[in-house]
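Working notes for the structure below.
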Amino acid sequence: MDLSLFYFANDSTEPGDKGRYELLLEGAKFADEHGFSAVWTPERHFHPFGGMYPNPSVLGAAVASVTERVAIRAGSVVAPLHHPARIAEEWSVVDNLSGGRVGVAFASGWNSVDFALRPDVYDERKRIVSDRVGEVRTLWQGGSVPGVDGLGRPVDVRAFPPPVQRELPVWLTSGGSVETFQEAGRLKAGVLTHLLVQDLDILAEKIREYRRVAAAEHDGWPGHVALMVHTLVGEDVAAVKEQARQPLTEYLKSSLHLSARSVVGDSVDLSTLPPEDVDFLAAQSFERYFHQGGLFGSVEHAAEVAARIGEIGVDEIACLIDFGVQTKDVLASLEHLGRLRKLVASQG
């Protein structure tokens, strides 16, 4: 089982001396030098929760400039917000800059506020994301897609520059819907998922269904499942728990606010709830995440969790390392994470 690095920062704090992107770039260098499989960056808009990553291809280009081996992936492109040619063009540039190391996870989008960029496509976003996969694949291999130019005339457009890789590695991002797992199998795409609204037992059932569909549709193709988990590895469980408690709790509060805002818009204000209610929700979430939803604690303890994740059919753990712990502390923890990667690899 592979380990990769995943970024989704809450940028509500002041940047460090080296700027907001020190952790991304230094972490990418570490991943490149220590055998990690990939670096993932997301697409997020209009909110401190993840908002330092509005365009994963831009960040991917930066990662390409400081690395030589590690794969560079979008985790994810919110496909309905973009013309397929723009997706193909941008990621082909990064493919060229990196010597053929890119991959793209396609997401339908879940936060309604993001669709201020394209409000007309919100209701059809789940259908559109599947269409985008096919369109981008066609463009990636030198084909064309139909469009209409500025004079209203039909045109066929192609994407330039040509990429290095003949085929673009593709994933579908799922928040937990089994239908998305099934669609990924039909599309011969991997799955990128997380444990925000599902536990390992439920995820195992979805992975089995994904493998079944993928094998039936594509002559035994096994697929690929990447699981994003919050990660902080150190000397011992107790020390890591105290180090993670405050930043992860604040991270979860930001996530709670963003989820509510997506449903009811800017009128929601969680500050109107009694503080003890918000604190209780965040504390409960912290305990669940720490003990069931992430790689926390010592190398040995995290390896036990990783083994359980591998047992349910996950091919890659995408370690989300930037959830609010100070950059210097996260960078210091990477030595332990590197040991974890070696231990997981040795266990098969």
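Simple scheme: letters A, B, ... for chains in structure tokens order, numbers from 1 for residues in each chain, numbers from 1 for ligands in the order shown.
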
With a distance cut-off of 10 Å and only C-alpha atoms, select the neighbouring residues of region 141-146 of chain A, excluding the residue or stretch itself and same-chain residues fewer than 6 positions from it, and output the selection as an MDAnalysis selection string.
-> chainID A and resid 84:85 88 135 154:163 165:168

What would the file look like if the residues just selected were written as a tab-separated table (two decimals), in the first residue's frame with all heavy atoms?
```
chain	number	residue	atom	x	y	z
A	84	PRO	N	-13.96	21.63	-20.31
A	84	PRO	CA	-13.00	20.52	-20.35
A	84	PRO	C	-11.67	20.89	-20.98
A	84	PRO	O	-10.62	20.34	-20.61
A	84	PRO	CB	-13.73	19.44	-21.16
A	84	PRO	CG	-14.80	20.18	-21.90
A	84	PRO	CD	-15.21	21.29	-21.01
A	85	ALA	N	-11.68	21.82	-21.94
A	85	ALA	CA	-10.42	22.21	-22.58
A	85	ALA	C	-9.50	22.92	-21.59
A	85	ALA	O	-8.27	22.78	-21.66
A	85	ALA	CB	-10.68	23.10	-23.79
A	88	ALA	N	-7.89	20.19	-19.47
A	88	ALA	CA	-6.86	19.49	-20.24
A	88	ALA	C	-5.63	20.36	-20.48
A	88	ALA	O	-4.48	19.90	-20.35
A	88	ALA	CB	-7.44	19.01	-21.57
A	135	GLU	N	-14.60	13.82	-21.81
A	135	GLU	CA	-14.16	14.93	-22.65
A	135	GLU	C	-12.67	15.22	-22.44
A	135	GLU	O	-11.92	15.42	-23.42
A	135	GLU	CB	-15.00	16.17	-22.34
A	135	GLU	CG	-16.45	16.05	-22.77
A	135	GLU	CD	-17.35	17.06	-22.08
A	135	GLU	OE1	-16.95	17.65	-21.06
A	135	GLU	OE2	-18.47	17.27	-22.58
A	154	PRO	N	-20.37	26.89	-34.71
A	154	PRO	CA	-19.87	25.64	-34.14
A	154	PRO	C	-18.40	25.45	-34.48
A	154	PRO	O	-17.98	25.69	-35.62
A	154	PRO	CB	-20.75	24.57	-34.79
A	154	PRO	CG	-21.24	25.19	-36.05
A	154	PRO	CD	-21.38	26.66	-35.79
A	155	VAL	N	-17.62	25.02	-33.49
A	155	VAL	CA	-16.19	24.76	-33.70
A	155	VAL	C	-15.81	23.50	-32.94
A	155	VAL	O	-16.47	23.12	-31.96
A	155	VAL	CB	-15.31	25.94	-33.22
A	155	VAL	CG1	-15.52	27.17	-34.08
A	155	VAL	CG2	-15.58	26.25	-31.75
A	156	ASP	N	-14.75	22.88	-33.40
A	156	ASP	CA	-14.13	21.78	-32.66
A	156	ASP	C	-12.83	22.30	-32.08
A	156	ASP	O	-12.01	22.88	-32.80
A	156	ASP	CB	-13.85	20.58	-33.57
A	156	ASP	CG	-15.13	19.90	-34.04
A	156	ASP	OD1	-16.09	19.87	-33.24
A	156	ASP	OD2	-15.16	19.40	-35.18
A	157	VAL	N	-12.63	22.10	-30.78
A	157	VAL	CA	-11.42	22.62	-30.13
A	157	VAL	C	-10.55	21.47	-29.64
A	157	VAL	O	-11.04	20.42	-29.23
A	157	VAL	CB	-11.76	23.56	-28.95
A	157	VAL	CG1	-12.50	24.79	-29.46
A	157	VAL	CG2	-12.59	22.85	-27.89
A	158	ARG	N	-9.25	21.70	-29.71
A	158	ARG	CA	-8.25	20.77	-29.18
A	158	ARG	C	-7.42	21.47	-28.12
A	158	ARG	O	-7.35	22.69	-28.10
A	158	ARG	CB	-7.36	20.25	-30.31
A	158	ARG	CG	-8.07	19.30	-31.26
A	158	ARG	CD	-7.14	18.82	-32.36
A	158	ARG	NE	-7.73	17.69	-33.08
A	158	ARG	CZ	-8.64	17.80	-34.03
A	158	ARG	NH1	-9.06	19.01	-34.40
A	158	ARG	NH2	-9.14	16.73	-34.63
A	159	ALA	N	-6.80	20.69	-27.27
A	159	ALA	CA	-6.02	21.25	-26.17
A	159	ALA	C	-4.53	21.18	-26.47
A	159	ALA	O	-4.03	20.18	-27.00
A	159	ALA	CB	-6.31	20.48	-24.88
A	160	PHE	N	-3.83	22.25	-26.14
A	160	PHE	CA	-2.39	22.33	-26.31
A	160	PHE	C	-1.78	22.88	-25.01
A	160	PHE	O	-2.44	23.64	-24.29
A	160	PHE	CB	-2.04	23.23	-27.50
A	160	PHE	CG	-2.47	22.67	-28.82
A	160	PHE	CD1	-3.71	23.00	-29.35
A	160	PHE	CD2	-1.66	21.78	-29.51
A	160	PHE	CE1	-4.13	22.48	-30.56
A	160	PHE	CE2	-2.07	21.25	-30.73
A	160	PHE	CZ	-3.31	21.59	-31.25
A	161	PRO	N	-0.53	22.52	-24.71
A	161	PRO	CA	0.39	21.67	-25.48
A	161	PRO	C	0.03	20.20	-25.34
A	161	PRO	O	-0.68	19.84	-24.39
A	161	PRO	CB	1.74	21.96	-24.81
A	161	PRO	CG	1.38	22.22	-23.38
A	161	PRO	CD	0.09	22.98	-23.44
A	162	PRO	N	0.53	19.34	-26.23
A	162	PRO	CA	0.31	17.91	-26.05
A	162	PRO	C	0.97	17.45	-24.74
A	162	PRO	O	2.05	17.91	-24.39
A	162	PRO	CB	1.03	17.28	-27.26
A	162	PRO	CG	1.15	18.38	-28.24
A	162	PRO	CD	1.29	19.65	-27.45
A	163	PRO	N	0.31	16.56	-24.00
A	163	PRO	CA	0.89	16.08	-22.74
A	163	PRO	C	2.02	15.07	-22.98
A	163	PRO	O	2.20	14.58	-24.09
A	163	PRO	CB	-0.29	15.41	-22.04
A	163	PRO	CG	-1.14	14.91	-23.18
A	163	PRO	CD	-1.01	15.95	-24.27
A	165	GLN	N	2.23	12.18	-20.95
A	165	GLN	CA	1.59	10.88	-20.78
A	165	GLN	C	0.52	10.67	-21.85
A	165	GLN	O	-0.30	11.57	-22.09
A	165	GLN	CB	0.92	10.78	-19.40
A	165	GLN	CG	1.85	10.88	-18.23
A	165	GLN	CD	1.10	10.83	-16.92
A	165	GLN	OE1	0.96	9.77	-16.31
A	165	GLN	NE2	0.61	11.98	-16.47
A	166	ARG	N	0.49	9.49	-22.43
A	166	ARG	CA	-0.54	9.19	-23.41
A	166	ARG	C	-1.91	9.13	-22.76
A	166	ARG	O	-2.90	9.60	-23.32
A	166	ARG	CB	-0.22	7.86	-24.11
A	166	ARG	CG	-1.28	7.37	-25.08
A	166	ARG	CD	-1.53	8.35	-26.21
A	166	ARG	NE	-2.59	7.88	-27.12
A	166	ARG	CZ	-3.15	8.64	-28.04
A	166	ARG	NH1	-2.77	9.91	-28.19
A	166	ARG	NH2	-4.11	8.16	-28.83
A	167	GLU	N	-1.98	8.54	-21.57
A	167	GLU	CA	-3.25	8.45	-20.85
A	167	GLU	C	-3.14	9.22	-19.54
A	167	GLU	O	-2.12	9.14	-18.84
A	167	GLU	CB	-3.63	6.99	-20.58
A	167	GLU	CG	-3.96	6.20	-21.84
A	167	GLU	CD	-4.53	4.83	-21.53
A	167	GLU	OE1	-4.86	4.59	-20.34
A	167	GLU	OE2	-4.63	4.01	-22.45
A	168	LEU	N	-4.18	9.94	-19.20
A	168	LEU	CA	-4.23	10.70	-17.96
A	168	LEU	C	-4.75	9.82	-16.83
A	168	LEU	O	-5.87	9.30	-16.92
A	168	LEU	CB	-5.15	11.91	-18.13
A	168	LEU	CG	-5.43	12.75	-16.88
A	168	LEU	CD1	-4.17	13.46	-16.41
A	168	LEU	CD2	-6.55	13.75	-17.16
```

Neighbour list for region 200-215 of chain A as a ChimeraX atom specification, cut-off 8 Å, only C-alpha atoms, skip fewer than 5 positions in-chain = /A:176,178,181-182,184-186,188,195,220-223,225,309,312-314

Check the smallest atom-to-atom distance from each of A:Val240, A:Leu25, A:Asp315, A:Val121 to Ser65 (chain A) using only C-alpha atoms, then report the winner.
->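 Once distances to Ser65 (chain A) are computed over only C-alpha atoms, the minimum belongs to A:Leu25.
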
Please provide the set of residues having any atom within 9 Å of region 291-303 of chain A, restricted to only C-alpha atoms, with same-chain residues fewer than 3 positions apart removed, written as a ChimeraX atom specification.
-> /A:194-196,199-200,228-241,244,286-288,306-308,319-320,336-337,339-341,343-344

Atomic separation - CA of Asp329 (chain A) relative to CA of Phe290 (chain A), Å = 17.6 Å

From the DSSP assignment of the backbone, select every residue of region 6-149 of chain A that is strand (DSSP E), and format the answer as a CSV table (one decimal) with C-alpha atoms, in the first residue's frame.
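The resulting states_11.csv:
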```csv
chain,number,residue,atom,x,y,z
A,6,PHE,CA,-2.7,15.5,0.8
A,38,ALA,CA,2.0,11.5,-4.8
A,39,VAL,CA,1.2,15.0,-3.6
A,40,TRP,CA,-2.5,16.0,-3.8
A,41,THR,CA,-3.9,19.5,-3.8
A,71,ALA,CA,3.2,12.2,-8.8
A,72,ILE,CA,1.4,15.5,-8.8
A,73,ARG,CA,-2.4,15.2,-8.5
A,74,ALA,CA,-5.5,17.3,-8.3
A,75,GLY,CA,-7.6,16.2,-5.3
A,76,SER,CA,-9.8,17.4,-6.8
A,77,VAL,CA,-10.8,19.5,-9.8
A,78,VAL,CA,-14.4,20.6,-9.4
A,102,VAL,CA,0.2,14.3,-13.2
A,103,GLY,CA,-3.1,12.7,-12.3
A,104,VAL,CA,-6.5,14.3,-11.8
A,105,ALA,CA,-9.4,13.4,-9.5
A,106,PHE,CA,-12.7,14.8,-10.8
A,107,ALA,CA,-15.3,16.0,-8.3
A,145,VAL,CA,-14.7,18.4,-28.3
A,146,PRO,CA,-17.4,20.5,-29.9
A,147,GLY,CA,-18.0,24.1,-28.9
A,148,VAL,CA,-19.4,27.5,-30.1
```
